[in-house]
Amino acid sequence: MPTRATKRGSERTPLHRDCDVLICGASFGGLAVARELAGSTADVMILDRYEIGERQTSACGIPTAWLRALALEDALQQTFGELVLHTPHTEVRYDLPWTFSTFDYRTLCGLLAEMGRFEFETATVSGRTGDTVHTDRGDIRAPLIVDALGWRRVLGSGQNIQPPDALLSRGLEVHPFGSGEELEVWIDRSYVPAGYGWSFPADGELRIGVGSFDPRHHVREPTERLATDLHADKVRYQGNWIPHALRDATEDGVFFVGDSAGHCLPLTAEGIRTALYFGLACGRELRGVIEGHQGRESALAGYHRFSADHALAFRWMLRVQRLVPRIAPRLLAPSLRAMGAKRFVDWSFGHYLDIAHPDFATAGVPGRIALAAS
Ligand SMILES: Cc1cc2nc3c(=O)[nH]c(=O)nc-3n(C[C@H](O)[C@H](O)[C@H](O)COP(=O)(O)OP(=O)(O)OC[C@H]3O[C@@H](n4cnc5c(N)ncnc54)[C@H](O)[C@@H]3O)c2cc1C
């Protein structure tokens, strides 16, 4: 087990204070919220159990346009214009209408953090009573609280649904040294009955993993087998649960962003750009409160609506997620080939990008999100 950078022993001084905005979780969602509050008068505090960028939470693949839109290109590692799909019977190449890139997690989080203005502390968040958040270092009170802590939804009210009963997928990957030029995906029941395997090259490293839509299906053995099949070392494991259903984005006065709100896209398990997207939206609502354009209740209602407006797209993706494993393997290859027609790829991937389009990053619509505009 690697040792993670966090405050230890005597450094872990008591932490009792008030602030205007308390953001719990310093990954994609939390840092995007903070970015939108930069330059405001808000006293913003961010908590995470580890130092910023310390614990990579994904294979770090994202549409390149999102890196550009947020001026995060310095974190970019490799860019791909094609998606290579492997099935037991064929290999299909999709010429994508937009490129996809891998990036360095630590660099990206560092860049995002530099764009915000906040106080950061390492602390483990355990729960909440009203507007007071409890941590292992003490209690912090804030009128505006954001839960960007990931799938556990730590600050939700009531009992959390735990895997394997919750609507969660599971994913595990290894990060061997190595190189490659292709963004590859395996839809192959011999690795996982419902789900897919992947290999994302990232500048001297490969991120090879398997994700299962069925939380009961373990992915360690298939991940290791895929790595073996690709002649790669089984080293530096990274895995987690991945939500695949949208949840309420506000609850009991708290804003939920990213995986805590189920913002990860069900079929592809792409949750980085959506965490950024909904984080920006949340930050804009909070900024409206700080600048006196709206009250907290209005911000909660606006953000709730914004997230819920995406429910149809998330439901569709969940339907397709459930459909794909039912397609007989011998029909999968011709189906994928048929869907590889350039016009269909452009149409489907265009709609897919639209769910959380990078233009939203530069739209700069404060408060009330003016969602009509996106
Ligand atoms: C194996 C795997 C590969 C993936 N690959 C991709 C990919 O290539 N592209 C993509 O778009 N998505 C990918 N995903 C999904 C993606 O990782 C998530 O959707 C995304 O990280 C969600 O961002 P977030 O900010 O909501 O949460 P997270 O990135 O999970 O961040 C949560 C933060 O909260 C902190 N935290 C958690 N609990 C506590 C606590 N109690 N107290 C204090 N701090 C806490 C954590 O340390 C972390 O910094 C992958 C997921 C997995 C499991």
# chains A, B, ... in the order shown; residues from 1 in each chain; ligands from 1
call {"tool": "closest_atom_pairs", "arguments": {"of": "chain A", "to": "ligand 1", "cutoff": "7 Å", "atoms": "only C-alpha atoms and all ligand atoms", "output": "CSV"}}
result
residue,atom,partner,partner_atom_place_in_ligand_line,distance
A:Cys24,CA,ligand 1,44 (N),6.4
A:Gly25,CA,ligand 1,34 (O),3.7
A:Ala26,CA,ligand 1,49 (O),4.8
A:Ser27,CA,ligand 1,25 (O),4.3
A:Phe28,CA,ligand 1,25 (O),3.8
A:Gly29,CA,ligand 1,25 (O),3.8
A:Gly30,CA,ligand 1,25 (O),5.9
A:Leu47,CA,ligand 1,43 (C),6.1
A:Asp48,CA,ligand 1,44 (N),3.6
A:Arg49,CA,ligand 1,43 (C),3.9
A:Tyr50,CA,ligand 1,47 (O),5.5
A:Arg55,CA,ligand 1,47 (O),6.5
A:Thr57,CA,ligand 1,17 (O),4.8
A:Ser58,CA,ligand 1,4 (C),3.6
A:Ala59,CA,ligand 1,8 (O),3.7
A:Cys60,CA,ligand 1,8 (O),4.1
A:Gly61,CA,ligand 1,8 (O),3.7
A:Ile62,CA,ligand 1,11 (O),5.5
A:Ala123,CA,ligand 1,43 (C),5.7
A:Thr124,CA,ligand 1,42 (N),3.5
A:Val125,CA,ligand 1,42 (N),3.8
A:Ser126,CA,ligand 1,41 (N),5.6
A:Ala148,CA,ligand 1,26 (O),5.3
A:Leu149,CA,ligand 1,34 (O),3.6
A:Gly150,CA,ligand 1,27 (O),4.1
A:Trp151,CA,ligand 1,30 (O),7.0
A:Val154,CA,ligand 1,41 (N),6.6
A:Arg170,CA,ligand 1,53 (C),6.3
A:Gly171,CA,ligand 1,1 (C),4.2
A:Leu172,CA,ligand 1,1 (C),4.2
A:Glu173,CA,ligand 1,1 (C),5.1
A:Gly209,CA,ligand 1,1 (C),6.4
A:Gly211,CA,ligand 1,1 (C),7.0
A:Gln238,CA,ligand 1,1 (C),5.9
A:Gly239,CA,ligand 1,1 (C),4.5
A:Asn240,CA,ligand 1,53 (C),4.0
A:Trp241,CA,ligand 1,53 (C),5.6
A:Ile242,CA,ligand 1,53 (C),5.7
A:Val257,CA,ligand 1,26 (O),6.0
A:Gly258,CA,ligand 1,26 (O),3.3
A:Asp259,CA,ligand 1,26 (O),3.9
A:Ser260,CA,ligand 1,26 (O),6.0
A:Cys264,CA,ligand 1,19 (O),4.8
A:Ala269,CA,ligand 1,15 (C),5.5
A:Glu270,CA,ligand 1,11 (O),3.4
A:Gly271,CA,ligand 1,19 (O),3.1
A:Ile272,CA,ligand 1,11 (O),3.7
A:Arg273,CA,ligand 1,11 (O),5.8
A:Ala275,CA,ligand 1,23 (O),5.2
call {"tool": "select_by_dssp", "arguments": {"residues": "segment 269-354 of chain A", "states": "alpha helix (DSSP H)", "output": "count of residues only"}}
result
69
call {"tool": "select_by_dssp", "arguments": {"residues": "segment 87-172 of chain A", "states": "strand (DSSP E or B)", "output": "ChimeraX atom specification"}}
result
/A:91-103,119-122,125-129,132-135,138-141,144-147,168-172
call {"tool": "residues_around", "arguments": {"residues": "segment 291-306 of chain A", "least_positions_apart": "3", "cutoff": "8 Å", "atoms": "only C-alpha atoms", "output": "PyMOL selection string"}}
result
chain A and resi 40-41+144+248-250+253-255+281-282+285-288+309-310+367-369+371
call {"tool": "write_last_selection", "arguments": {"atoms": "C-alpha atoms", "output": "JSON list (two decimals), in the first residue's frame"}}
result
[["chain", "number", "residue", "atom", "x", "y", "z"],
["A", 40, "SER", "CA", -15.28, 36.60, -5.13],
["A", 41, "THR", "CA", -15.19, 37.78, -1.55],
["A", 144, "LEU", "CA", -22.97, 26.80, 1.94],
["A", 248, "ASP", "CA", -30.61, 14.31, -6.25],
["A", 249, "ALA", "CA", -27.99, 17.04, -6.58],
["A", 250, "THR", "CA", -29.19, 18.80, -3.44],
["A", 253, "GLY", "CA", -29.35, 22.21, 2.18],
["A", 254, "VAL", "CA", -26.21, 20.52, 0.79],
["A", 255, "PHE", "CA", -24.92, 20.72, -2.82],
["A", 281, "ALA", "CA", -22.58, 24.93, -12.44],
["A", 282, "CYS", "CA", -22.64, 24.59, -8.66],
["A", 285, "GLU", "CA", -24.91, 29.26, -8.21],
["A", 286, "LEU", "CA", -22.84, 29.71, -5.05],
["A", 287, "ARG", "CA", -21.20, 32.79, -6.51],
["A", 288, "GLY", "CA", -24.65, 34.24, -7.08],
["A", 309, "ASP", "CA", -32.50, 18.55, -16.49],
["A", 310, "HIS", "CA", -29.91, 15.94, -17.53],
["A", 367, "GLY", "CA", -25.85, 32.42, -10.56],
["A", 368, "ARG", "CA", -29.21, 31.00, -11.75],
["A", 369, "ILE", "CA", -27.05, 29.31, -14.38],
["A", 371, "LEU", "CA", -29.45, 27.03, -18.23]]
call {"tool": "residues_around", "arguments": {"residues": "Ala71 of chain A", "least_positions_apart": "3", "cutoff": "12 Å", "atoms": "only C-alpha atoms", "output": "list in words"}}
result
Arg35, Thr64, Ala65, Trp66, Leu67, Arg68, Asp74, Ala75, Leu76, Leu108, Leu111, Leu112, Glu114, Met115, Pro358, Ala361 and Thr362 of chain A
call {"tool": "closest_residue", "arguments": {"among": "A:Ile140, A:Val33, A:Ala363, A:Ala202", "to": "Pro14 of chain A", "atoms": "only C-alpha atoms"}}
result
A:Ile140
call {"tool": "atom_distance", "arguments": {"atom1": "atom CA of Arg189 of chain A", "atom2": "atom CA of Thr87 of chain A"}}
result
8.8 Å
call {"tool": "closest_residue", "arguments": {"among": "A:Asp214, A:Asp95, A:Glu119, A:Glu184", "to": "Ala34 of chain A", "atoms": "only C-alpha atoms"}}
result
A:Glu119
call {"tool": "residues_around", "arguments": {"residues": "Leu312 of chain A", "least_positions_apart": "5", "cutoff": "10 Å", "atoms": "only C-alpha atoms", "output": "list in words"}}
result
Leu246, Met317 and Leu318 of chain A
call {"tool": "atom_distance", "arguments": {"atom1": "atom CA of Thr6 of chain A", "atom2": "atom CA of Ala113 of chain A"}}
result
16.6 Å
call {"tool": "closest_residue", "arguments": {"among": "A:His351, A:Arg117, A:Arg220, A:His175", "to": "Ile46 of chain A", "atoms": "only C-alpha atoms"}}
result
A:Arg117
call {"tool": "closest_residue", "arguments": {"among": "A:Thr107, A:Gln321, A:Ser199, A:Ser101", "to": "Ser212 of chain A", "atoms": "only C-alpha atoms"}}
result
A:Gln321
call {"tool": "atom_distance", "arguments": {"atom1": "atom CA of Leu37 of chain A", "atom2": "atom CA of Arg12 of chain A"}}
result
27.1 Å
call {"tool": "residues_around", "arguments": {"residues": "Gly262 of chain A", "least_positions_apart": "6", "cutoff": "6 Å", "atoms": "only C-alpha atoms", "output": "PyMOL selection string"}}
result
chain A and resi 243+245-247
call {"tool": "closest_residue", "arguments": {"among": "A:Lys234, A:Arg225, A:Arg153, A:Arg128", "to": "His263 of chain A", "atoms": "only C-alpha atoms"}}
result
A:Arg153
call {"tool": "closest_residue", "arguments": {"among": "A:Val174, A:Thr274, A:Asp188, A:Gly81", "to": "Thr223 of chain A", "atoms": "only C-alpha atoms"}}
result
A:Val174
call {"tool": "decode", "arguments": {"residues": "segment 140-163 of chain A", "atoms": "C-alpha atoms", "output": "compact mmCIF listing (two decimals), in the first residue's frame"}}
result
# COMPACT_ATOMS: atom_id res chain seq x y z
CA ILE A 140 -16.51 23.32 10.61
CA ARG A 141 -19.62 25.41 10.09
CA ALA A 142 -20.70 27.01 6.82
CA PRO A 143 -23.99 28.24 5.34
CA LEU A 144 -22.97 26.80 1.94
CA ILE A 145 -21.72 23.19 1.97
CA VAL A 146 -20.63 21.12 -1.03
CA ASP A 147 -20.18 17.34 -0.97
CA ALA A 148 -17.67 16.42 -3.68
CA LEU A 149 -16.44 13.39 -1.75
CA GLY A 150 -17.26 10.74 -4.32
CA TRP A 151 -19.74 7.85 -4.42
CA ARG A 152 -20.17 7.49 -0.64
CA ARG A 153 -22.20 10.73 -0.49
CA VAL A 154 -20.91 11.19 3.04
CA LEU A 155 -22.94 14.35 3.75
CA GLY A 156 -26.28 12.97 2.61
CA SER A 157 -29.01 12.60 5.19
CA GLY A 158 -29.97 9.12 6.33
CA GLN A 159 -28.29 5.82 5.68
CA ASN A 160 -26.17 5.52 2.61
CA ILE A 161 -26.84 2.65 0.25
CA GLN A 162 -23.76 0.49 0.20
CA PRO A 163 -22.45 -1.78 -2.56
